[in-house]
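Student: Below you will find the structure I want to go over with you.
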Amino acid sequence: MSARRGPAGRGPAGREPAGRELFVHLHLLDRQVVDVDGRLVCKVDDLELAMDERGPYVTAILVGPRALGPRLGGRLGRWWAAIATRLLDPGRDPAPRRIDFAQVTDIGSAIKIARRTDELDIAPLEAWVDRHVIGRIPGSTHEGE
Amino acid sequence: MKRLLAVALGILTAIGGFVDIGDLVTNALVGARFGLSLAWATLVGVVGICLYAEMSGRVAAVTGRGTFDLVRERLGPRAGLANLVASFLVTALTFGAEIGGVALALQLASDVNYLLWVPMVGLALWLVLWRVKFSVLENVFGLLGLALVVFGVAVWMLHPPWGDLAHQVVAPHKPAGEGLPTYFYYAIALFGAAMTPYEVFFFSSGAVEEHWSAKDIPIARVNVLLGFPLGGLLSLSIAASAALVLLPANVTVDSLGQVGLPVAIAAGKLALAATILGFVAATFGAALETGLSAGYTVAQYFGWQWGKYVRPRQAARFHLVLLLTLIAAVAVVLTTINPVTLTEYSVVFSAIALPLTYLPILVVANDPDYMGDRVNSRWVNALASVFLVVIVVASVAAIPLMIATKAGQ
């Protein structure tokens, strides 16, 4: 299917011509998301769509096991989403985490967004592993290259 | 001058880094049983790895995306996940084989049982993965691995009948005592050893780690097209030394010591010391590459931050995968399974998994949406298509041949 980037006037002003035609499977789904500093954020696990009089358009990138699970399908997909909900977000709204599509600044071999990854709260597993495992090992903050 | 040095360093590390435990064991084993009558399989494998490593490096330099990132994008989440599971398991199996290889090499040097070395090797690997810069770990072990050039020296000092050796290479003839299925089973093993999928994961992800751009493509191409064939020559000299010393004596290779035996006989103690140094460096370097590759594949599928170019805390899930894979690989080796047997299986399973990696690379390298005017040229595509057929045939034939020959017995 194809979807417009946003209805005319609602696209991110000045960055892209609003209403660019995109092929969801070819240009968006499963593509890497990169933040404003070039850090890797996530994959486009699924998309949130809305409808207006001109057809469907993309409103958000959906992230994490609860977005990926349904796309994996079958028992594995249900299991995938359920485990994530139980372990990482007990008691929280089971909707997947989202990145508003207005944050998107470029769609190329990666999808660039205008925010920094640590402002986004989309990776509870990363935060947990950092806090309880990797961050506790000496030397975990030494510079990369 | 600095640029020339960089190119030379790249070529040298490509040579030293080409040989890993799979190449060491498989080439010596085959040399001792089949002479050089299977050298063609190594040569075909070297052409294949040059072709596809260049492609994956070019894709990474142009798009900034690692191989598995694109695998999921091309195959979708479901087939991509199946591919991830298979590729990860083969890479982790190879990781275990490399760890066993380091421990066996240290046993040769110290006479301390390899099982005692395994936990220490695991710890050393983790410390290097945790603390040492990517460029350092890539270069140091590649350069030390060059000590394996003594295999070439040994072949020279054995004064072989060169014409006879060359004849075995160009006019392959199956030895009378071996069955045809066994012959082709080992051809697939050599092919798998030369084309192991982790080399492509590592090469493409390394390009991203070192922030390559399109202007680095010519250097990468020189590294691959000179370094890998010379590394292949090193593999052939291991097979040739086994063919000259072990085959006439009816020695079959089932330990790392036997791989180095021809060097000790032909060139003496000092050369043997260099051989053992080369064993340790080549297997330790390959263990780092396979361990990182296991982490790269998982992180790239899920889109996590990965790599050594950021602090460990900024790639926490990636470092957790590295740590868990390392622990699992060490545990497998500690089951006292013979590391040489583990290696033999790892190269055959690599051959089985080859299409999973190489088909998506070929598809992406032809996609102008990603590659712009850097798409494959027509002759690269022609050659790559021929190779894809070879890869699929080897992959499909591997398991029936493994069953029919009881894994080459």
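Here's how to read the names in the structure tokens: chain A, B, ... by the order shown, residue numbers from 1 in each chain, ligand numbers from 1 in the order shown.
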For chain A, which residues have at least one atom within 10 Å of chain B, if we go by only C-alpha atoms? Write them as a tab-separated table (two decimals) with C-alpha atoms, in the first residue's frame, please.

Tutor:
```tsv
chain	number	residue	atom	x	y	z
A	25	HIS	CA	6.58	-1.66	2.75
A	26	LEU	CA	9.46	-0.34	0.67
A	27	HIS	CA	10.37	2.91	2.37
A	28	LEU	CA	9.25	2.71	5.98
A	29	LEU	CA	8.57	-0.66	7.56
A	30	ASP	CA	11.60	-2.38	9.14
A	31	ARG	CA	13.86	0.57	8.39
A	32	GLN	CA	16.41	1.79	10.95
A	33	VAL	CA	15.53	4.97	12.88
A	34	VAL	CA	18.48	7.29	13.66
A	39	ARG	CA	22.72	7.27	17.30
A	40	LEU	CA	20.67	4.19	16.45
A	41	VAL	CA	17.20	4.40	17.98
A	42	CYS	CA	15.08	1.46	16.83
A	43	LYS	CA	13.53	-0.22	13.81
A	44	VAL	CA	10.20	0.86	12.40
A	45	ASP	CA	8.38	-2.11	13.92
A	63	VAL	CA	8.26	0.63	18.38
A	64	GLY	CA	8.99	-2.45	20.48
A	65	PRO	CA	7.75	-6.01	20.96
A	68	LEU	CA	6.60	-6.20	16.24
A	69	GLY	CA	4.66	-9.12	17.78
A	71	ARG	CA	3.65	-8.42	12.54
A	72	LEU	CA	5.50	-11.65	13.38
A	73	GLY	CA	2.08	-13.26	13.60
A	76	LEU	CA	5.25	-16.58	18.42
A	77	GLY	CA	4.00	-13.05	17.81
A	108	GLY	CA	16.61	7.61	3.21
A	109	SER	CA	18.54	4.40	3.90
A	110	ALA	CA	17.66	5.34	7.50
A	117	THR	CA	17.18	8.90	21.71
A	118	ASP	CA	17.36	9.41	25.51
A	123	ALA	CA	13.40	1.36	24.99
A	125	LEU	CA	14.79	-2.99	28.00
A	126	GLU	CA	17.83	-0.83	27.18
A	127	ALA	CA	17.22	1.25	30.30
A	128	TRP	CA	16.79	-1.87	32.47
A	129	VAL	CA	19.93	-3.58	31.11
A	130	ASP	CA	21.91	-0.37	31.52
A	131	ARG	CA	20.73	0.19	35.09
A	133	VAL	CA	23.82	-5.01	34.31
A	134	ILE	CA	26.04	-3.04	31.96
A	135	GLY	CA	26.09	0.22	33.96
A	136	ARG	CA	27.30	-1.71	37.03
A	137	ILE	CA	30.39	-3.14	35.34
A	138	PRO	CA	33.50	-0.99	35.87
A	139	GLY	CA	34.55	0.88	32.77
A	140	SER	CA	31.08	1.03	31.24
A	141	THR	CA	31.30	4.77	30.61
A	142	HIS	CA	34.73	4.84	28.99
A	143	GLU	CA	34.81	6.60	25.65
A	144	GLY	CA	34.08	4.80	22.43
A	145	GLU	CA	35.98	5.79	19.34
```

Student: What's the 6 Å shell around range 204-208 of chain B, counting only C-alpha atoms, without same-chain residues fewer than 6 positions away, as a PyMOL selection string?

Tutor: chain B and resi 56-57+60+64+66

Student: Mind dumping the selected residues with N, CA and C atoms as an mmCIF file, in the first residue's frame?

Tutor:
```cif
data_model
loop_
_atom_site.group_PDB
_atom_site.id
_atom_site.type_symbol
_atom_site.label_atom_id
_atom_site.label_comp_id
_atom_site.auth_asym_id
_atom_site.auth_seq_id
_atom_site.Cartn_x
_atom_site.Cartn_y
_atom_site.Cartn_z
ATOM 1 N N SER B 56 29.376 -6.241 0.379
ATOM 2 C CA SER B 56 28.813 -5.846 1.677
ATOM 3 C C SER B 56 29.521 -4.615 2.211
ATOM 4 N N GLY B 57 30.847 -4.492 1.961
ATOM 5 C CA GLY B 57 31.586 -3.314 2.389
ATOM 6 C C GLY B 57 31.098 -2.075 1.650
ATOM 7 N N ALA B 60 27.738 -1.057 3.010
ATOM 8 C CA ALA B 60 27.868 -0.413 4.325
ATOM 9 C C ALA B 60 28.433 0.994 4.180
ATOM 10 N N GLY B 64 25.655 3.198 5.234
ATOM 11 C CA GLY B 64 25.864 3.263 6.672
ATOM 12 C C GLY B 64 25.098 2.188 7.422
ATOM 13 N N GLY B 66 24.491 -1.898 8.471
ATOM 14 C CA GLY B 66 25.130 -3.204 8.529
ATOM 15 C C GLY B 66 24.308 -4.242 7.789
#
```

Student: Taking 5 positions as the minimum chain separation for residues in the same chain, which residues sit within 6 Å of range 330-346 of chain B when counting only C-alpha atoms? Answer as a list in words.

Tutor: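 Returned residues: Gly22, Leu93, Thr94, Ala97 and Gly100 of chain B.
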
Student: Using only C-alpha atoms, which residues sit within 9 Å of Asn139 in chain B once same-chain residues fewer than 4 positions away are excluded, as a ChimeraX atom specification?

Tutor: /B:9-10,12-13,17,134-135,143-144

Student: Could you please determine the separation between CA of Pro218 in chain B and CA of Ala365 in chain B in Å, to one decimal place?

Tutor: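 Taking CA of Pro218 in chain B and CA of Ala365 in chain B, their separation equals 16.1 Å.
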
Student: Considering only C-alpha atoms, return as a PyMOL selection string whatever protein or nucleic-acid residues lie within 10 Å of Leu148 in chain B, sequence-local ones (same chain, fewer than 4 positions apart) excluded.

Tutor: chain B and resi 15-16+19+24+144+152-153+231+234-235+237-238+260+263+271-272+274-279+281-282

Student: By how many Å are CA of Leu38 in chain B and CA of Thr26 in chain B apart?

Tutor: 11.0 Å

Student: Show which residues sit within 9 Å of Lys174 in chain B, as a PDB file with N, CA and C atoms, in the first residue's frame. Count only C-alpha atoms, and ignore same-chain residues fewer than 4 positions away.

Tutor:
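Written out: result-v9.pdb:
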```pdb
ATOM      1  N   PHE B  34      43.471 -35.859   1.213  1.00  0.00           N
ATOM      2  CA  PHE B  34      43.195 -35.740  -0.221  1.00  0.00           C
ATOM      3  C   PHE B  34      44.320 -35.036  -0.984  1.00  0.00           C
ATOM      4  N   SER B  37      44.123 -32.281  -4.058  1.00  0.00           N
ATOM      5  CA  SER B  37      43.082 -32.538  -5.063  1.00  0.00           C
ATOM      6  C   SER B  37      41.802 -31.762  -4.777  1.00  0.00           C
ATOM      7  N   LEU B  38      41.698 -31.114  -3.582  1.00  0.00           N
ATOM      8  CA  LEU B  38      40.516 -30.297  -3.282  1.00  0.00           C
ATOM      9  C   LEU B  38      40.858 -28.809  -3.215  1.00  0.00           C
ATOM     10  N   GLU B 178      39.206 -43.010  -1.242  1.00  0.00           N
ATOM     11  CA  GLU B 178      38.122 -42.201  -0.706  1.00  0.00           C
ATOM     12  C   GLU B 178      36.900 -42.259  -1.611  1.00  0.00           C
ATOM     13  N   GLY B 179      35.713 -42.248  -0.999  1.00  0.00           N
ATOM     14  CA  GLY B 179      34.479 -42.254  -1.777  1.00  0.00           C
ATOM     15  C   GLY B 179      34.167 -40.877  -2.342  1.00  0.00           C
ATOM     16  N   LEU B 180      33.361 -40.853  -3.407  1.00  0.00           N
ATOM     17  CA  LEU B 180      32.993 -39.580  -4.032  1.00  0.00           C
ATOM     18  C   LEU B 180      32.171 -38.688  -3.077  1.00  0.00           C
ATOM     19  N   TYR B 183      34.520 -36.985  -0.740  1.00  0.00           N
ATOM     20  CA  TYR B 183      35.285 -35.973  -1.471  1.00  0.00           C
ATOM     21  C   TYR B 183      34.490 -34.670  -1.554  1.00  0.00           C
TER      22      TYR B 183
END
```
